[in-house]
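Okay, protein-v9.tsv is below, TSV, C-alpha atoms and all ligand atoms:
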```
chain	number	residue	atom	x	y	z
Q	581	MET	CA	-19.13	-24.16	-3.24
Q	582	GLU	CA	-18.39	-22.59	-6.62
Q	583	ILE	CA	-15.80	-20.02	-7.65
Q	584	THR	CA	-16.85	-17.43	-10.23
Q	585	THR	CA	-15.61	-14.07	-11.48
Q	586	VAL	CA	-17.45	-11.18	-9.88
Q	587	ASP	CA	-19.79	-8.80	-11.69
Q	588	ARG	CA	-18.68	-5.52	-10.08
Q	589	GLY	CA	-21.89	-3.82	-11.16
Q	590	ASP	CA	-23.85	-6.08	-8.80
Q	591	ASP	CA	-24.34	-3.85	-5.73
Q	592	ALA	CA	-25.64	-6.66	-3.48
Q	593	LEU	CA	-22.63	-8.84	-4.32
Q	594	VAL	CA	-20.16	-5.99	-3.76
Q	595	ALA	CA	-21.83	-5.34	-0.38
Q	596	GLN	CA	-21.16	-8.98	0.54
Q	597	LEU	CA	-17.50	-8.67	-0.48
Q	598	TYR	CA	-17.24	-5.59	1.75
Q	599	ASP	CA	-18.65	-7.61	4.64
Q	600	VAL	CA	-16.17	-10.46	4.04
Q	601	CYS	CA	-13.26	-8.02	3.90
Q	602	ARG	CA	-14.30	-6.12	7.04
Q	603	SER	CA	-15.08	-9.28	9.01
Q	604	SER	CA	-11.78	-10.85	7.97
Q	605	ASP	CA	-9.78	-7.75	8.90
Q	606	ALA	CA	-11.57	-7.51	12.25
Q	607	VAL	CA	-10.13	-10.85	13.35
Q	608	SER	CA	-6.91	-11.07	11.32
Q	609	ARG	CA	-5.46	-7.56	11.32
Q	610	VAL	CA	-4.03	-5.50	14.15
Q	611	ASP	CA	-5.86	-2.19	14.60
Q	612	GLN	CA	-7.22	-1.73	11.07
Q	613	PHE	CA	-8.49	1.62	9.74
Q	614	ASP	CA	-12.15	2.20	8.80
Q	615	TYR	CA	-13.53	2.53	5.29
Q	616	THR	CA	-17.12	2.96	4.15
Q	617	PRO	CA	-19.00	0.58	1.80
Q	618	GLU	CA	-19.02	3.41	-0.77
Q	619	GLU	CA	-15.22	3.83	-0.63
Q	620	TYR	CA	-14.75	0.08	-0.85
Q	621	ALA	CA	-17.06	-0.24	-3.89
Q	622	ALA	CA	-15.46	2.73	-5.68
Q	623	ASN	CA	-11.98	1.22	-5.20
Q	624	LEU	CA	-13.14	-2.17	-6.40
Q	625	ARG	CA	-14.54	-0.58	-9.57
Q	626	TRP	CA	-11.48	1.50	-10.35
Q	627	SER	CA	-8.28	0.28	-12.00
Q	628	PHE	CA	-5.00	2.11	-11.91
Q	629	PRO	CA	-4.04	2.93	-15.53
Q	630	GLY	CA	-1.58	0.35	-16.81
Q	631	GLU	CA	-2.86	-2.59	-14.79
Q	632	HIS	CA	-5.90	-4.84	-14.76
Q	633	ASP	CA	-7.25	-7.24	-12.18
Q	634	VAL	CA	-9.43	-10.31	-11.86
Q	635	LEU	CA	-11.90	-10.68	-9.00
Q	636	LEU	CA	-13.00	-14.17	-7.92
Q	637	ALA	CA	-15.63	-15.05	-5.31
Q	638	ALA	CA	-16.19	-18.39	-3.58
Q	639	ARG	CA	-19.95	-18.78	-3.08
Q	640	ASP	CA	-22.32	-21.27	-1.58
Q	641	GLY	CA	-25.78	-20.54	-2.95
Q	642	GLY	CA	-26.13	-16.78	-2.52
Q	643	THR	CA	-23.55	-16.49	0.27
Q	644	VAL	CA	-20.02	-15.24	-0.38
Q	645	LEU	CA	-17.60	-17.31	1.72
Q	646	GLY	CA	-14.42	-15.62	0.57
Q	647	TYR	CA	-12.87	-13.80	-2.37
Q	648	ALA	CA	-9.57	-13.07	-4.10
Q	649	GLN	CA	-8.39	-10.15	-6.24
Q	650	VAL	CA	-5.40	-10.57	-8.58
Q	651	TRP	CA	-3.58	-7.62	-10.20
Q	652	PHE	CA	-1.50	-7.69	-13.39
Q	653	PRO	CA	0.79	-4.78	-14.29
Q	654	GLU	CA	0.69	-4.23	-18.08
Q	655	ARG	CA	3.69	-2.00	-18.80
Q	656	ASP	CA	6.43	-3.22	-16.46
Q	657	ASN	CA	7.10	-6.24	-14.20
Q	658	LEU	CA	5.35	-8.41	-16.79
Q	659	ASP	CA	6.39	-11.65	-15.08
Q	660	LYS	CA	4.47	-10.71	-11.91
Q	661	SER	CA	1.01	-10.72	-10.38
Q	662	TRP	CA	-0.17	-9.56	-6.95
Q	663	PHE	CA	-3.11	-10.97	-5.06
Q	664	GLU	CA	-5.21	-10.57	-1.93
Q	665	LEU	CA	-7.38	-13.26	-0.43
Q	666	PHE	CA	-9.99	-13.06	2.33
Q	667	VAL	CA	-12.12	-15.81	3.86
Q	668	HIS	CA	-15.00	-14.86	6.14
Q	669	PRO	CA	-14.07	-15.93	9.71
Q	670	GLU	CA	-17.23	-18.09	9.92
Q	671	HIS	CA	-16.13	-20.14	6.91
Q	672	ARG	CA	-12.44	-20.72	7.65
Q	673	ARG	CA	-10.72	-24.11	7.90
Q	674	GLN	CA	-13.15	-25.59	5.36
Q	675	GLY	CA	-10.94	-25.40	2.28
Q	676	VAL	CA	-12.32	-22.10	0.92
Q	677	GLY	CA	-8.93	-20.35	0.97
Q	678	SER	CA	-7.26	-23.36	-0.67
Q	679	ALA	CA	-9.87	-23.48	-3.45
Q	680	LEU	CA	-9.41	-19.76	-4.11
Q	681	VAL	CA	-5.61	-20.02	-4.21
Q	682	GLU	CA	-5.81	-22.88	-6.66
Q	683	ARG	CA	-8.05	-20.80	-8.95
Q	684	VAL	CA	-5.86	-17.69	-8.56
Q	685	GLU	CA	-2.80	-19.69	-9.62
Q	686	ARG	CA	-4.65	-20.95	-12.70
Q	687	VAL	CA	-5.58	-17.37	-13.65
Q	688	VAL	CA	-1.98	-16.23	-13.11
Q	689	ARG	CA	-0.65	-19.00	-15.37
Q	690	ASP	CA	-3.33	-18.28	-17.99
Q	691	GLU	CA	-2.18	-14.63	-18.04
Q	692	GLY	CA	1.36	-15.85	-18.80
Q	693	ARG	CA	2.83	-14.70	-15.47
Q	694	SER	CA	5.39	-16.77	-13.61
Q	695	LEU	CA	5.35	-15.12	-10.21
Q	696	ALA	CA	2.48	-14.80	-7.70
Q	697	LEU	CA	3.12	-12.26	-4.94
Q	698	PRO	CA	0.58	-12.05	-2.12
Q	699	GLU	CA	1.31	-10.43	1.24
Q	700	ALA	CA	0.15	-11.70	4.60
Q	701	PHE	CA	-0.18	-9.50	7.67
Q	702	VAL	CA	0.66	-11.09	11.03
Q	703	PRO	CA	0.88	-9.80	14.60
Q	704	PRO	CA	4.47	-9.02	15.66
Q	705	GLY	CA	6.25	-12.19	16.78
Q	706	HIS	CA	3.95	-14.52	14.80
Q	707	ARG	CA	5.79	-14.92	11.52
Q	708	ASP	CA	5.59	-18.71	11.68
Q	709	ASP	CA	2.44	-19.52	13.59
Q	710	ALA	CA	-0.16	-16.94	12.43
Q	711	PRO	CA	-2.95	-18.59	10.36
Q	712	ALA	CA	-1.92	-16.70	7.23
Q	713	ALA	CA	1.71	-17.82	7.60
Q	714	ARG	CA	0.67	-21.47	8.04
Q	715	PHE	CA	-1.72	-21.24	5.13
Q	716	ALA	CA	0.94	-19.69	2.87
Q	717	ALA	CA	3.55	-22.32	3.79
Q	718	ARG	CA	1.04	-25.09	3.19
Q	719	HIS	CA	0.50	-23.78	-0.35
Q	720	GLY	CA	4.20	-23.50	-1.21
Q	721	TYR	CA	4.65	-19.74	-0.73
Q	722	GLU	CA	8.03	-18.57	0.56
Q	723	VAL	CA	8.74	-15.41	2.52
Q	724	ALA	CA	10.77	-13.24	0.12
Q	725	ASP	CA	10.94	-10.25	2.44
Q	726	THR	CA	9.42	-9.03	5.69
Q	727	GLU	CA	8.03	-5.55	6.08
Q	728	VAL	CA	7.20	-3.89	9.38
Q	729	VAL	CA	4.04	-1.81	9.80
Q	730	ARG	CA	4.51	1.16	12.12
Q	731	SER	CA	2.19	3.85	13.50
Q	732	LEU	CA	2.91	7.39	14.58
Q	733	ARG	CA	0.59	8.96	17.14
Q	734	LEU	CA	-0.46	12.52	16.34
Q	735	PRO	CA	0.20	15.28	17.18
Q	736	VAL	CA	3.95	14.75	16.92
Q	737	ASP	CA	5.86	16.43	19.74
Q	738	ALA	CA	6.75	19.93	18.46
Q	739	ALA	CA	10.27	19.65	19.92
Q	740	VAL	CA	10.88	16.48	17.85
Q	741	LEU	CA	9.76	18.20	14.63
Q	742	ASP	CA	11.84	21.31	15.42
Q	743	ARG	CA	14.95	19.26	16.13
Q	744	PHE	CA	14.81	17.14	12.96
Q	745	GLU	CA	13.77	20.08	10.81
Q	746	ALA	CA	16.80	22.07	12.01
Q	747	SER	CA	19.23	19.20	11.37
Q	748	ALA	CA	17.70	18.53	7.93
Q	749	ARG	CA	17.90	22.22	6.96
Q	750	GLU	CA	21.55	22.31	7.95
Q	751	ALA	CA	22.37	19.22	5.85
Q	752	MET	CA	20.35	20.53	2.84
Q	753	GLY	CA	22.03	23.95	2.88
Q	754	GLU	CA	20.92	26.30	0.08
Q	755	ALA	CA	21.03	23.62	-2.62
Q	756	TYR	CA	17.40	22.50	-2.18
Q	757	ARG	CA	14.02	24.02	-1.44
Q	758	LEU	CA	10.88	22.35	-0.10
Q	759	GLU	CA	7.29	22.60	-1.33
Q	760	VAL	CA	4.12	21.00	0.05
Q	761	HIS	CA	1.09	20.53	-2.23
Q	762	ARG	CA	-2.48	19.56	-1.41
Q	763	GLY	CA	-4.50	17.44	-3.88
Q	764	GLY	CA	-1.46	16.50	-6.01
Q	765	VAL	CA	1.50	18.47	-7.34
Q	766	PRO	CA	0.96	21.17	-10.00
Q	767	GLU	CA	1.23	20.36	-13.72
Q	768	PRO	CA	4.88	21.47	-14.21
Q	769	GLN	CA	6.11	19.17	-11.42
Q	770	ARG	CA	4.18	16.07	-12.50
Q	771	ALA	CA	6.71	14.54	-14.89
Q	772	GLY	CA	9.40	15.00	-12.23
Q	773	LEU	CA	7.24	13.46	-9.53
Q	774	CYS	CA	6.43	10.45	-11.75
Q	775	ALA	CA	10.14	9.91	-12.49
Q	776	VAL	CA	10.96	9.93	-8.79
Q	777	SER	CA	8.05	7.80	-7.61
Q	778	ASN	CA	8.53	5.26	-10.45
Q	779	ARG	CA	11.93	4.43	-8.92
Q	780	LEU	CA	10.40	3.37	-5.64
Q	781	ALA	CA	9.81	-0.25	-6.71
Q	782	LEU	CA	13.38	-0.41	-8.00
Q	783	ASP	CA	15.17	1.20	-5.06
Q	784	ALA	CA	13.25	0.13	-1.97
Q	785	PRO	CA	14.74	-3.11	-0.60
Q	786	SER	CA	12.49	-6.05	-1.53
Q	787	GLY	CA	14.34	-9.17	-0.42
Q	788	ASP	CA	14.34	-12.01	-2.95
Q	789	ILE	CA	12.13	-10.24	-5.50
Q	790	GLU	CA	13.62	-8.11	-8.28
Q	791	PHE	CA	11.28	-5.30	-9.35
Q	792	GLU	CA	11.58	-3.10	-12.43
Q	793	ALA	CA	10.87	0.63	-12.19
Q	794	GLU	CA	7.17	1.46	-12.62
Q	795	SER	CA	5.73	3.43	-15.52
Q	796	MET	CA	3.30	6.02	-14.10
Q	797	THR	CA	2.83	8.95	-16.51
Q	798	PRO	CA	1.49	12.45	-15.72
Q	799	ASP	CA	-1.81	11.39	-17.30
Q	800	ASP	CA	-2.02	8.31	-15.02
Q	801	TYR	CA	-1.29	10.60	-12.10
Q	802	ARG	CA	-4.10	12.95	-13.16
Q	803	GLN	CA	-6.52	9.99	-13.24
Q	804	LEU	CA	-5.36	8.88	-9.79
Q	805	LEU	CA	-5.99	12.37	-8.38
Q	806	GLU	CA	-9.46	12.42	-9.97
Q	807	HIS	CA	-10.25	9.05	-8.40
Q	808	GLU	CA	-9.09	10.29	-5.00
Q	809	ARG	CA	-11.20	13.44	-5.33
Q	810	SER	CA	-14.24	11.27	-6.05
Q	811	LEU	CA	-13.49	9.44	-2.77
Q	812	GLN	CA	-13.06	12.76	-0.93
Q	813	ARG	CA	-9.53	11.72	-0.07
Q	814	GLU	CA	-6.98	14.38	0.74
Q	815	ARG	CA	-3.38	14.00	-0.42
Q	816	LEU	CA	-0.40	16.00	0.81
Q	817	THR	CA	2.82	15.75	-1.18
Q	818	ALA	CA	6.09	17.29	-0.01
Q	819	LEU	CA	8.78	17.77	-2.66
Q	820	ALA	CA	12.46	18.66	-2.45
Q	821	ILE	CA	13.54	20.64	-5.50
Q	822	GLU	CA	17.18	21.12	-6.52
Q	823	VAL	CA	17.53	24.90	-6.77
Q	824	ALA	CA	20.17	24.87	-9.55
Q	825	THR	CA	18.11	22.74	-11.96
Q	826	GLY	CA	14.50	22.99	-10.70
Q	827	ASP	CA	14.37	19.16	-10.71
Q	828	VAL	CA	12.18	17.18	-8.30
Q	829	VAL	CA	14.72	15.10	-6.35
Q	830	ALA	CA	12.66	13.80	-3.41
Q	831	TYR	CA	9.01	13.32	-2.49
Q	832	THR	CA	6.75	11.92	0.17
Q	833	ASP	CA	2.97	11.40	0.23
Q	834	LEU	CA	0.41	11.42	3.04
Q	835	VAL	CA	-3.12	10.31	2.14
Q	836	LEU	CA	-6.15	11.08	4.37
Q	837	PRO	CA	-9.08	8.72	3.78
Q	838	HIS	CA	-12.57	10.17	4.14
Q	839	GLY	CA	-14.01	7.05	5.77
Q	840	ASP	CA	-11.68	7.16	8.77
Q	841	PRO	CA	-11.39	10.73	10.03
Q	842	THR	CA	-8.56	9.90	12.44
Q	843	PHE	CA	-6.31	7.87	10.13
Q	844	VAL	CA	-3.54	8.83	7.65
Q	845	PHE	CA	-1.54	6.66	5.23
Q	846	GLN	CA	2.14	7.40	4.80
Q	847	TRP	CA	2.74	6.22	1.24
Q	848	GLY	CA	5.86	6.46	-0.89
Q	849	THR	CA	9.00	8.39	0.05
Q	850	LEU	CA	12.06	8.49	-2.19
Q	851	VAL	CA	15.22	10.55	-2.60
Q	852	MET	CA	16.96	10.25	-6.00
Q	853	PRO	CA	20.24	8.29	-5.59
Q	854	GLU	CA	22.57	11.19	-6.46
Q	855	HIS	CA	20.86	13.40	-3.85
Q	856	ARG	CA	20.99	11.00	-0.91
Q	857	GLY	CA	22.97	11.89	2.22
Q	858	HIS	CA	21.54	15.44	2.64
Q	859	ARG	CA	18.69	14.47	4.99
Q	860	LEU	CA	16.13	15.17	2.26
Q	861	GLY	CA	14.05	12.15	3.35
Q	862	MET	CA	13.65	13.62	6.83
Q	863	ALA	CA	13.13	17.13	5.41
Q	864	VAL	CA	10.17	16.16	3.19
Q	865	LYS	CA	8.61	14.04	5.94
Q	866	VAL	CA	8.76	16.80	8.54
Q	867	ALA	CA	7.39	19.35	6.05
Q	868	ASN	CA	4.46	17.05	5.25
Q	869	LEU	CA	3.70	16.30	8.93
Q	870	ARG	CA	3.59	20.03	9.65
Q	871	ALA	CA	1.20	20.55	6.73
Q	872	LEU	CA	-0.94	17.65	7.98
Q	873	ALA	CA	-1.28	19.23	11.44
Q	874	GLY	CA	-2.45	22.46	9.78
Q	875	LEU	CA	-4.86	20.78	7.36
Q	876	ASP	CA	-6.59	18.33	9.68
Q	877	PRO	CA	-5.60	18.43	13.36
Q	878	ALA	CA	-8.23	15.76	14.20
Q	879	ARG	CA	-6.12	13.00	12.58
Q	880	ARG	CA	-4.60	10.76	15.26
Q	881	THR	CA	-2.46	8.12	13.53
Q	882	VAL	CA	-0.10	7.86	10.57
Q	883	ARG	CA	0.52	4.31	9.32
Q	884	THR	CA	3.54	3.23	7.26
Q	885	MET	CA	5.21	0.02	6.13
Q	886	ASN	CA	8.91	-0.59	5.36
Q	887	ALA	CA	11.15	-3.54	4.58
Q	888	GLU	CA	12.96	-4.48	7.77
Q	889	ASP	CA	16.26	-4.32	5.88
Q	890	ASN	CA	15.76	-0.66	4.94
Q	891	PRO	CA	17.65	1.02	7.81
Q	892	TRP	CA	17.65	4.44	6.10
Q	893	MET	CA	13.86	4.80	5.92
Q	894	VAL	CA	13.19	2.91	9.14
Q	895	GLY	CA	15.70	5.15	10.96
Q	896	ILE	CA	13.84	8.30	9.91
Q	897	ASN	CA	10.51	6.81	10.98
Q	898	VAL	CA	11.82	5.64	14.35
Q	899	ASP	CA	13.37	9.08	14.98
Q	900	LEU	CA	9.96	10.65	14.33
Q	901	GLY	CA	8.33	8.30	16.86
Q	902	PHE	CA	6.77	5.54	14.71
Q	903	GLU	CA	6.15	2.32	16.69
Q	904	VAL	CA	5.69	-1.27	15.46
Q	905	VAL	CA	2.08	-2.51	15.17
Q	906	GLU	CA	2.15	-5.40	12.72
Q	907	GLU	CA	4.35	-7.32	10.27
Q	908	ALA	CA	3.76	-8.11	6.61
Q	909	LEU	CA	5.22	-11.22	5.02
Q	910	MET	CA	5.94	-10.50	1.36
Q	911	LEU	CA	5.33	-13.94	-0.14
Q	912	ARG	CA	6.32	-15.45	-3.48
Q	913	LYS	CA	5.57	-18.56	-5.45
Q	914	ASP	CA	7.12	-19.36	-8.81
Q	915	LEU	CA	4.46	-20.82	-11.07
J	1	LIG	C1	-5.38	-17.36	5.42
J	1	LIG	C2	-6.86	-17.62	5.03
J	1	LIG	C3	-7.09	-17.11	3.60
J	1	LIG	C4	-7.10	-19.16	5.08
J	1	LIG	O1	-8.40	-19.44	4.60
J	1	LIG	P1	-9.13	-20.84	4.95
J	1	LIG	O2	-10.32	-20.96	4.06
J	1	LIG	O3	-9.35	-20.95	6.42
J	1	LIG	O4	-7.99	-21.88	4.50
J	1	LIG	P2	-8.16	-23.46	4.26
J	1	LIG	O5	-9.33	-23.99	5.01
J	1	LIG	O6	-8.10	-23.72	2.80
J	1	LIG	O7	-6.80	-23.98	4.97
J	1	LIG	C5	-5.79	-24.68	4.28
J	1	LIG	C6	-4.63	-25.01	5.21
J	1	LIG	O8	-3.98	-23.80	5.64
J	1	LIG	C7	-3.50	-23.99	7.02
J	1	LIG	N1	-4.25	-23.09	7.92
J	1	LIG	C8	-5.27	-22.25	7.60
J	1	LIG	N2	-5.70	-21.59	8.70
J	1	LIG	C9	-4.96	-22.04	9.74
J	1	LIG	C10	-4.94	-21.77	11.14
J	1	LIG	N3	-5.81	-20.91	11.68
J	1	LIG	N4	-4.03	-22.40	11.90
J	1	LIG	C11	-3.17	-23.29	11.37
J	1	LIG	N5	-3.16	-23.60	10.05
J	1	LIG	C12	-4.04	-23.00	9.25
J	1	LIG	C13	-3.80	-25.44	7.36
J	1	LIG	O9	-2.71	-26.19	6.90
J	1	LIG	C14	-5.04	-25.70	6.49
J	1	LIG	O10	-5.26	-27.05	6.24
J	1	LIG	P3	-6.10	-27.94	7.29
J	1	LIG	O11	-7.36	-27.17	7.66
J	1	LIG	O12	-6.37	-29.21	6.53
J	1	LIG	O13	-5.21	-28.12	8.48
J	1	LIG	C15	-7.85	-16.95	6.03
J	1	LIG	O14	-7.45	-17.24	7.36
J	1	LIG	C16	-7.93	-15.44	5.89
J	1	LIG	O15	-8.79	-14.94	5.16
J	1	LIG	N6	-7.05	-14.70	6.60
J	1	LIG	C17	-7.01	-13.22	6.50
J	1	LIG	C18	-6.47	-12.69	5.15
J	1	LIG	C19	-5.15	-13.35	4.77
J	1	LIG	O16	-4.27	-13.50	5.60
J	1	LIG	N7	-5.02	-13.77	3.48
J	1	LIG	C20	-3.94	-14.63	3.03
J	1	LIG	C21	-2.77	-13.96	2.49
J	1	LIG	S1	-1.66	-15.21	1.80
```
Take the structure in the file and give it back as structure tokens.
Ligand SMILES: CC(C)(COP(=O)(O)OP(=O)(O)OC[C@H]1O[C@@H](n2cnc3c(N)ncnc32)[C@H](O)[C@@H]1OP(=O)(O)O)[C@@H](O)C(=O)NCCC(=O)NCCS
Amino acid sequence: MEITTVDRGDDALVAQLYDVCRSSDAVSRVDQFDYTPEEYAANLRWSFPGEHDVLLAARDGGTVLGYAQVWFPERDNLDKSWFELFVHPEHRRQGVGSALVERVERVVRDEGRSLALPEAFVPPGHRDDAPAARFAARHGYEVADTEVVRSLRLPVDAAVLDRFEASAREAMGEAYRLEVHRGGVPEPQRAGLCAVSNRLALDAPSGDIEFEAESMTPDDYRQLLEHERSLQRERLTALAIEVATGDVVAYTDLVLPHGDPTFVFQWGTLVMPEHRGHRLGMAVKVANLRALAGLDPARRTVRTMNAEDNPWMVGINVDLGFEVVEEALMLRKDL
């Protein structure tokens, strides 16, 4: 077996990575969503502005046994790196994962980073005995935080949406208005949206790991929207605007992948600290779910993930009907 960096222009190799990823998810993840080889390849070939990544494959002759991808933020959180690692189910328990981790750690050290942060998904109730948990412990990774993955079945009961919309409107009063945008927010709102979403890493509970705010700019956001358009992804963003100032004070994003016509990602949600306590989190979520039902009523599931010690966000999700499907161990190793 040899470990080499991957030439992402090599279509046959990228097709093998797709197969490893899909086959791994099929046995190791609970109820995964679908994605096409084209979506997978486009994501692998795209980098979010302000970060770079290294892709390593473990191969035996022409066969890919497993691979790892390591990300390095370039403008903030400069001590950190993130990585994912997949071993094809037919080649597990033969040291492939261990060889990849060893190489990943070397790359992380060579990049001058001191913290490696992978995440491992496990079925509920298997935080200690799932293969990924055992593997991580064996390699000296500690659980810094545990996140819970939840799903919401669509359509949401209209009475539930009506009830929470009414209570949110009462708490918001006349001080805020709501907007929902498709395909990204308009130009004038982009700086405000970036400021709010950059706080997410800082404000969302993250256990033993201290994150700095992120640095997305309106130009980065424009590039992200272009990338999503090329993938035929839809994005719905609900904003709460403070009427007195016109400032964006809360947002939430739903993303509809093209490759799985029934699935929706619930991504970031944040209310600026000085505007918390007015049910704006619930207000933007309900507004976005209503827009989703209008845009694409064939979608069946919304998937989200929250730290288990984030009662504010989890409370909103549970009220809306989200149910636990999986857990994610947020792992850390100091290198
Ligand atoms: C976790 C994963 C990467 C392990 O890959 P692998 O090639 O099978 O790992 P290795 O053969 O190097 O295993 C090293 C050690 O990890 C532990 N381990 C790995 N799989 C295990 C399992 N199914 N049960 C118990 N322990 C296990 C053992 O201690 C093993 O050593 P041993 O075989 O000498 O007992 C693989 O199962 C996988 O791709 N899972 C899905 C994606 C994922 O969870 N990635 C990891 C995120 S940290």
| query | Near stretch 843-858 of chain Q, within 9 Å and counting only C-alpha atoms, which residues show up once chain neighbours fewer than 6 positions away are dropped, as a ChimeraX atom specification? | reply | /Q:613-614,748-753,776-777,779-780,783-784,820,822,828-837,864-865,879-885,893
Could I get the residues of chain Q with an atom no further than 9 Å from an atom of ligand LIG 1 (chain J), each paired with its nearest atom pair and that distance in Å to one decimal, using all atoms listed in the file, sorted by chain and residue number, as a tab-separated table?
```
residue	atom	partner	partner_atom	distance
Q:Val600	CA	J:LIG1	O15	8.7
Q:Cys601	CA	J:LIG1	O15	8.3
Q:Ser604	CA	J:LIG1	C17	5.5
Q:Asp605	CA	J:LIG1	C17	6.6
Q:Val607	CA	J:LIG1	C17	7.9
Q:Ser608	CA	J:LIG1	C17	5.3
Q:Arg609	CA	J:LIG1	C17	7.6
Q:Leu645	CA	J:LIG1	O2	8.5
Q:Gly646	CA	J:LIG1	O15	7.3
Q:Tyr647	CA	J:LIG1	O15	8.6
Q:Ala648	CA	J:LIG1	N7	8.9
Q:Phe663	CA	J:LIG1	C21	8.1
Q:Glu664	CA	J:LIG1	C21	6.1
Q:Leu665	CA	J:LIG1	N7	4.6
Q:Phe666	CA	J:LIG1	O15	3.6
Q:Val667	CA	J:LIG1	O15	3.7
Q:His668	CA	J:LIG1	O15	6.3
Q:Pro669	CA	J:LIG1	O15	7.0
Q:His671	CA	J:LIG1	O2	6.5
Q:Arg672	CA	J:LIG1	O3	3.3
Q:Arg673	CA	J:LIG1	O5	3.2
Q:Gln674	CA	J:LIG1	O5	4.2
Q:Gly675	CA	J:LIG1	O6	3.3
Q:Val676	CA	J:LIG1	O2	3.9
Q:Gly677	CA	J:LIG1	O2	3.4
Q:Ser678	CA	J:LIG1	O6	3.6
Q:Ala679	CA	J:LIG1	O6	6.5
Q:Leu680	CA	J:LIG1	O6	8.1
Q:Val681	CA	J:LIG1	O6	8.3
Q:Leu697	CA	J:LIG1	S1	8.8
Q:Pro698	CA	J:LIG1	S1	5.5
Q:Glu699	CA	J:LIG1	C21	5.5
Q:Ala700	CA	J:LIG1	C21	4.3
Q:Phe701	CA	J:LIG1	O16	6.1
Q:Val702	CA	J:LIG1	O16	7.7
Q:Asp709	CA	J:LIG1	C11	7.1
Q:Ala710	CA	J:LIG1	N4	6.7
Q:Pro711	CA	J:LIG1	C10	3.8
Q:Ala712	CA	J:LIG1	C1	4.0
Q:Ala713	CA	J:LIG1	S1	7.2
Q:Arg714	CA	J:LIG1	N5	4.8
Q:Phe715	CA	J:LIG1	O8	3.5
Q:Ala716	CA	J:LIG1	S1	5.3
Q:Ala717	CA	J:LIG1	O8	7.9
Q:Arg718	CA	J:LIG1	O9	5.4
Q:His719	CA	J:LIG1	O8	7.5
Q:Tyr721	CA	J:LIG1	S1	8.2
Q:Leu909	CA	J:LIG1	S1	8.6
Q:Met910	CA	J:LIG1	S1	9.0
Q:Leu911	CA	J:LIG1	S1	7.4
```
Let me have the centre and edge lengths of the axis-aligned box enclosing all listed atoms of stretch 832-843 of chain Q with 3 Å padding on every side, in Å to one decimal, as AutoDock Vina command-line options.
```
--center_x -3.6 --center_y 9.5 --center_z 6.3 --size_x 26.8 --size_y 10.9 --size_z 18.3
```
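With all atoms listed in the file as the basis for measurement, Q:Arg912 is the residue among Q:Arg625, Q:Arg912, Q:His632, Q:Arg813 that approaches Q:Gly787 most closely.
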| task | Between atom CA of Q:Pro653 and atom CA of Q:Asn868, measure the distance and give it in Å to one decimal. | result |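 We find that atom CA of Q:Pro653 and atom CA of Q:Asn868 lie 29.5 Å from each other.
Computed from the coordinates, the atom CA of Q:Lys913 to atom CA of Q:Glu631 distance equals 20.3 Å.
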| Near Q:Arg639, counting all atoms listed in the file, which residues have an atom at most 7 Å away, once you skip same-chain residues fewer than 6 positions from it, shown as a list in words? |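 Listed by chain and then number, they are Met581, Glu582, Ile583 and Leu645 of chain Q.
When all atoms listed in the file are used to measure the gap to Q:Val823, the shortest distance among Q:Glu808, Q:Glu767, Q:Glu754, Q:Asp690 belongs to Q:Glu754.
Distances to Q:Val728 were evaluated for Q:Pro704, Q:Leu635, Q:Thr825, Q:Ala871 using all atoms listed in the file, and the minimum falls at Q:Pro704.
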| field | From Q:Val740, Q:Val904, Q:Ala637, Q:Val687, residue lying nearest Q:Leu597 [only C-alpha atoms] | value |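 When distances to Q:Leu597 are compared using only C-alpha atoms, the smallest one comes from Q:Ala637.
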When you write stretch 864-883 of chain Q out from the block above, keep C-alpha atoms and present the result as a PDB file, in the first residue's frame, please.
```pdb
ATOM      1  CA  VAL Q 864     -36.398  32.920  10.820  1.00  0.00           C
ATOM      2  CA  LYS Q 865     -36.680  29.121  10.921  1.00  0.00           C
ATOM      3  CA  VAL Q 866     -40.454  29.108  10.505  1.00  0.00           C
ATOM      4  CA  ALA Q 867     -40.248  31.686   7.687  1.00  0.00           C
ATOM      5  CA  ASN Q 868     -37.689  29.533   5.864  1.00  0.00           C
ATOM      6  CA  LEU Q 869     -39.685  26.297   6.327  1.00  0.00           C
ATOM      7  CA  ARG Q 870     -42.754  28.001   4.855  1.00  0.00           C
ATOM      8  CA  ALA Q 871     -40.693  29.192   1.880  1.00  0.00           C
ATOM      9  CA  LEU Q 872     -39.291  25.670   1.449  1.00  0.00           C
ATOM     10  CA  ALA Q 873     -42.796  24.155   1.278  1.00  0.00           C
ATOM     11  CA  GLY Q 874     -43.674  26.673  -1.453  1.00  0.00           C
ATOM     12  CA  LEU Q 875     -40.462  26.211  -3.436  1.00  0.00           C
ATOM     13  CA  ASP Q 876     -40.186  22.423  -3.445  1.00  0.00           C
ATOM     14  CA  PRO Q 877     -43.013  20.475  -1.781  1.00  0.00           C
ATOM     15  CA  ALA Q 878     -41.405  17.148  -2.832  1.00  0.00           C
ATOM     16  CA  ARG Q 879     -38.652  17.514  -0.194  1.00  0.00           C
ATOM     17  CA  ARG Q 880     -39.225  15.070   2.665  1.00  0.00           C
ATOM     18  CA  THR Q 881     -36.478  15.591   5.253  1.00  0.00           C
ATOM     19  CA  VAL Q 882     -34.514  18.463   6.786  1.00  0.00           C
ATOM     20  CA  ARG Q 883     -31.264  17.445   8.515  1.00  0.00           C
TER      21      ARG Q 883
END
```
